[in-house]
Amino acid sequence: MKDLTQLNPKRILVCQLRQIGDVLLATPLIRLLNVRYPDAEIHVLTEKKCLPVLENNPRVSHIWPIDRKALRNPFKALCYYAKVGRQGYDLIVDCQQLPRCKWVVMFSDAPVKLTFKPSWYNSFLYTHWPERKSGYAAMCKAHTLSVLGIEWDNKPLEMWFTDEERQWALNYLDSIGIGETPFVTVDPSHRRITRKWPTRHFAGLIRLIRERYPDMRFIILYGPGEKGVADEVAELAGDGALVPEQLLSLREMAAVQERAALHLGNCSAPRHFAVAVGTPSLVVHGATGFGWRFPSDDHIAVRKDLKCFSCNKNECPTRECLEEFYPEDCIEDALKLLERSLGS
């Protein structure tokens, strides 16, 4: 089949295993497929931990979760990948080319198997691919569909909430004393030290914002094992900073972010949640480039101007890009976003 623009698949598989933010970054690709092929079933292969970002998504007909613990046995894993691959797909879109994705692709007899341009030793697995494209990560994923005549349309990521989830967020905010008071969510954690702005700088930025908005509250978000970081930011920031007593689930966190006036954070999953729920964001970059920033004036990425920017290293002896990038360097951007969000 040479002209893929005439393809009319009835069952599609999208392979995007991880991480949580990356799965969310695949939702524009899923939406584009759903718009072009409204009658097709769209299945997604992903890791179990990433399921929450796809929950309630009406564009997804079925999710094949990979439970890494349950599939430690190689034979059992191969049987599962074979089961997924042999579901009668007409089209497979592999966003990652990870080993588990490639097993599924290999077991499938789908006539069209799309991916980004593979290495020569992977090319036999796929039927079509465009040249790689640089830029915003969601756009790059969606560019895989260009051989189908589908182009990214600059629309944001998607998360779908139930009325009950939104009501839970309202009740939660009331329970911690925020109610209708404007607030900012703050994500000071990151598993990579070269992507983590110091806690004292987050606290300093909170204090600077409160000089302009003395009634503003700040909810310090955290993941498993990260509460100590959140507590430290709150202690250094002083009045107005709150740390949830109980760990919020991913969907609870995103539902709270939807009510926020602004999100502040590192380059990690909550920044993508902010895009999906329509909350402006200010993100401090260390080792990562700006390819993770949604191209909109409502989402600002800031950094220290260094020649080594976007090194993507996991270790650094100085971390100059983070240690010497101060709250004063980005307070104007934060206030600009808040003024626009609050209409003040």
# chains A, B, ... in the order shown; residues from 1 in each chain; ligands from 1
call {"tool": "residues_around", "arguments": {"residues": "Arg100 of chain A", "least_positions_apart": "3", "cutoff": "9 Å", "atoms": "only C-alpha atoms", "output": "ChimeraX atom specification"}}
result
/A:17,77-78,81,97,103-105
call {"tool": "closest_residue", "arguments": {"among": "A:Ala241, A:Ala82, A:Ala26, A:Cys316", "to": "Pro214 of chain A", "atoms": "only C-alpha atoms"}}
result
A:Ala241
call {"tool": "closest_residue", "arguments": {"among": "A:Asp215, A:Glu324, A:Glu158, A:Asp94", "to": "Pro182 of chain A", "atoms": "only C-alpha atoms"}}
result
A:Asp215
call {"tool": "closest_residue", "arguments": {"among": "A:Glu235, A:Glu180, A:Glu252, A:Glu55", "to": "Glu165 of chain A", "atoms": "only C-alpha atoms"}}
result
A:Glu252
call {"tool": "select_by_dssp", "arguments": {"residues": "segment 17-133 of chain A", "states": "alpha helix (DSSP H)", "output": "ChimeraX atom specification"}}
result
/A:20-25,27-36,74-85,99-107
call {"tool": "closest_residue", "arguments": {"among": "A:Arg340, A:Lys196, A:Leu236, A:Thr288", "to": "Leu322 of chain A", "atoms": "only C-alpha atoms"}}
result
A:Lys196
call {"tool": "closest_residue", "arguments": {"among": "A:Ala169, A:Ala254, A:Val186, A:Leu45", "to": "Gly278 of chain A", "atoms": "only C-alpha atoms"}}
result
A:Ala254
call {"tool": "atom_distance", "arguments": {"atom1": "atom CA of Leu125 of chain A", "atom2": "atom CA of Phe107 of chain A"}}
result
9.8 Å
call {"tool": "residues_around", "arguments": {"residues": "Ala287 of chain A", "least_positions_apart": "5", "cutoff": "8 Å", "atoms": "only C-alpha atoms", "output": "ChimeraX atom specification"}}
result
/A:194-195,309-314,321
call {"tool": "residues_around", "arguments": {"residues": "Lys49 of chain A", "least_positions_apart": "4", "cutoff": "12 Å", "atoms": "only C-alpha atoms", "output": "PyMOL selection string"}}
result
chain A and resi 17-21+23+45+53-55+64-69+249-250
call {"tool": "write_last_selection", "arguments": {"atoms": "C-alpha atoms", "output": "short mmCIF file (atom, residue, chain, number, x, y, z; two decimals), in the first residue's frame"}}
result
data_model
loop_
_atom_site.label_atom_id
_atom_site.label_comp_id
_atom_site.auth_asym_id
_atom_site.auth_seq_id
_atom_site.Cartn_x
_atom_site.Cartn_y
_atom_site.Cartn_z
CA LEU A 17 4.89 2.60 27.50
CA ARG A 18 6.27 5.35 29.72
CA GLN A 19 6.89 7.72 31.48
CA ILE A 20 3.70 9.29 32.87
CA GLY A 21 4.32 12.64 31.20
CA VAL A 23 2.02 9.02 27.83
CA LEU A 45 -0.16 -0.35 25.05
CA VAL A 53 -3.60 9.68 32.51
CA LEU A 54 -5.69 7.71 29.98
CA GLU A 55 -8.58 6.95 32.31
CA TRP A 64 -3.31 -3.08 27.33
CA PRO A 65 -1.43 -2.51 30.60
CA ILE A 66 2.03 -3.91 31.15
CA ASP A 67 2.58 -4.94 34.75
CA ARG A 68 6.35 -5.35 34.92
CA LYS A 69 6.20 -7.42 38.10
CA SER A 249 -3.19 10.30 43.34
CA LEU A 250 -2.19 11.41 39.84
#
call {"tool": "closest_residue", "arguments": {"among": "A:Leu13, A:Val229, A:Leu264, A:Val112", "to": "Ser189 of chain A", "atoms": "only C-alpha atoms"}}
result
A:Val229
call {"tool": "atom_distance", "arguments": {"atom1": "atom CA of Glu232 of chain A", "atom2": "atom CA of Tyr213 of chain A"}}
result
21.8 Å
call {"tool": "select_by_dssp", "arguments": {"residues": "segment 172-343 of chain A", "states": "strand (DSSP E or B)", "output": "ChimeraX atom specification"}}
result
/A:183-187,217-220,241-242,262-265,281-284,299-302
call {"tool": "write_last_selection", "arguments": {"atoms": "N, CA and C atoms", "output": "mmCIF file, in the first residue's frame"}}
result
data_model
loop_
_atom_site.group_PDB
_atom_site.id
_atom_site.type_symbol
_atom_site.label_atom_id
_atom_site.label_comp_id
_atom_site.auth_asym_id
_atom_site.auth_seq_id
_atom_site.Cartn_x
_atom_site.Cartn_y
_atom_site.Cartn_z
ATOM 1 N N PHE A 183 -4.932 30.121 44.316
ATOM 2 C CA PHE A 183 -3.766 29.371 44.772
ATOM 3 C C PHE A 183 -2.902 28.946 43.596
ATOM 4 N N VAL A 184 -1.672 28.567 43.921
ATOM 5 C CA VAL A 184 -0.676 28.104 42.951
ATOM 6 C C VAL A 184 -0.244 26.709 43.364
ATOM 7 N N THR A 185 -0.118 25.799 42.410
ATOM 8 C CA THR A 185 0.475 24.503 42.717
ATOM 9 C C THR A 185 1.974 24.565 42.440
ATOM 10 N N VAL A 186 2.738 23.882 43.256
ATOM 11 C CA VAL A 186 4.199 23.911 43.158
ATOM 12 C C VAL A 186 4.723 22.476 43.169
ATOM 13 N N ASP A 187 5.556 22.155 42.189
ATOM 14 C CA ASP A 187 6.150 20.820 42.083
ATOM 15 C C ASP A 187 7.669 20.954 42.217
ATOM 16 N N ARG A 217 -2.300 31.425 48.099
ATOM 17 C CA ARG A 217 -1.900 30.201 48.776
ATOM 18 C C ARG A 217 -1.119 29.330 47.797
ATOM 19 N N PHE A 218 -0.354 28.397 48.335
ATOM 20 C CA PHE A 218 0.502 27.542 47.526
ATOM 21 C C PHE A 218 0.369 26.105 48.018
ATOM 22 N N ILE A 219 -0.023 25.202 47.119
ATOM 23 C CA ILE A 219 -0.108 23.780 47.452
ATOM 24 C C ILE A 219 1.142 23.107 46.904
ATOM 25 N N ILE A 220 1.953 22.552 47.802
ATOM 26 C CA ILE A 220 3.215 21.932 47.414
ATOM 27 C C ILE A 220 2.957 20.455 47.101
ATOM 28 N N ALA A 241 1.994 28.508 52.404
ATOM 29 C CA ALA A 241 2.404 27.258 51.748
ATOM 30 C C ALA A 241 1.825 26.062 52.488
ATOM 31 N N LEU A 242 1.158 25.185 51.756
ATOM 32 C CA LEU A 242 0.506 24.023 52.340
ATOM 33 C C LEU A 242 1.028 22.746 51.699
ATOM 34 N N LEU A 262 -2.011 29.098 38.722
ATOM 35 C CA LEU A 262 -0.691 28.936 38.107
ATOM 36 C C LEU A 262 -0.050 27.666 38.643
ATOM 37 N N HIS A 263 0.782 27.065 37.815
ATOM 38 C CA HIS A 263 1.609 25.946 38.262
ATOM 39 C C HIS A 263 3.076 26.333 38.140
ATOM 40 N N LEU A 264 3.836 26.096 39.221
ATOM 41 C CA LEU A 264 5.283 26.300 39.231
ATOM 42 C C LEU A 264 5.947 24.940 39.402
ATOM 43 N N GLY A 265 7.039 24.698 38.683
ATOM 44 C CA GLY A 265 7.667 23.408 38.894
ATOM 45 C C GLY A 265 8.914 23.163 38.099
ATOM 46 N N SER A 281 1.586 27.784 33.315
ATOM 47 C CA SER A 281 2.699 27.174 34.034
ATOM 48 C C SER A 281 3.996 27.936 33.801
ATOM 49 N N LEU A 282 4.829 27.887 34.836
ATOM 50 C CA LEU A 282 6.196 28.411 34.769
ATOM 51 C C LEU A 282 7.111 27.282 35.210
ATOM 52 N N VAL A 283 8.005 26.846 34.333
ATOM 53 C CA VAL A 283 8.858 25.692 34.612
ATOM 54 C C VAL A 283 10.319 26.099 34.493
ATOM 55 N N VAL A 284 11.102 25.736 35.506
ATOM 56 C CA VAL A 284 12.531 26.008 35.511
ATOM 57 C C VAL A 284 13.262 24.814 34.910
ATOM 58 N N HIS A 299 2.432 29.161 28.855
ATOM 59 C CA HIS A 299 3.358 28.180 29.426
ATOM 60 C C HIS A 299 4.788 28.650 29.144
ATOM 61 N N ILE A 300 5.435 29.114 30.206
ATOM 62 C CA ILE A 300 6.755 29.729 30.083
ATOM 63 C C ILE A 300 7.813 28.800 30.656
ATOM 64 N N ALA A 301 8.883 28.605 29.920
ATOM 65 C CA ALA A 301 10.042 27.847 30.390
ATOM 66 C C ALA A 301 11.198 28.813 30.579
ATOM 67 N N VAL A 302 11.876 28.721 31.722
ATOM 68 C CA VAL A 302 12.955 29.659 32.032
ATOM 69 C C VAL A 302 14.225 28.896 32.380
#
call {"tool": "residues_around", "arguments": {"residues": "Phe273 of chain A", "least_positions_apart": "3", "cutoff": "8 Å", "atoms": "only C-alpha atoms", "output": "PyMOL selection string"}}
result
chain A and resi 21+24+159+254+257+269-270+276-277
call {"tool": "residues_around", "arguments": {"residues": "Cys140 of chain A", "least_positions_apart": "6", "cutoff": "12 Å", "atoms": "only C-alpha atoms", "output": "list in words"}}
result
Asp22, Leu25, Ala26, Pro28, Leu29, Cys95, Gln96, Thr115, Phe116, Lys117, Pro130, Glu131, Arg132, Lys133, Ser134, Ser146, Glu151, Trp152, Asp153, Asn154, Gly291, Trp292 and Phe294 of chain A
call {"tool": "atom_distance", "arguments": {"atom1": "atom CA of Val256 of chain A", "atom2": "atom CA of Tyr222 of chain A"}}
result
12.9 Å
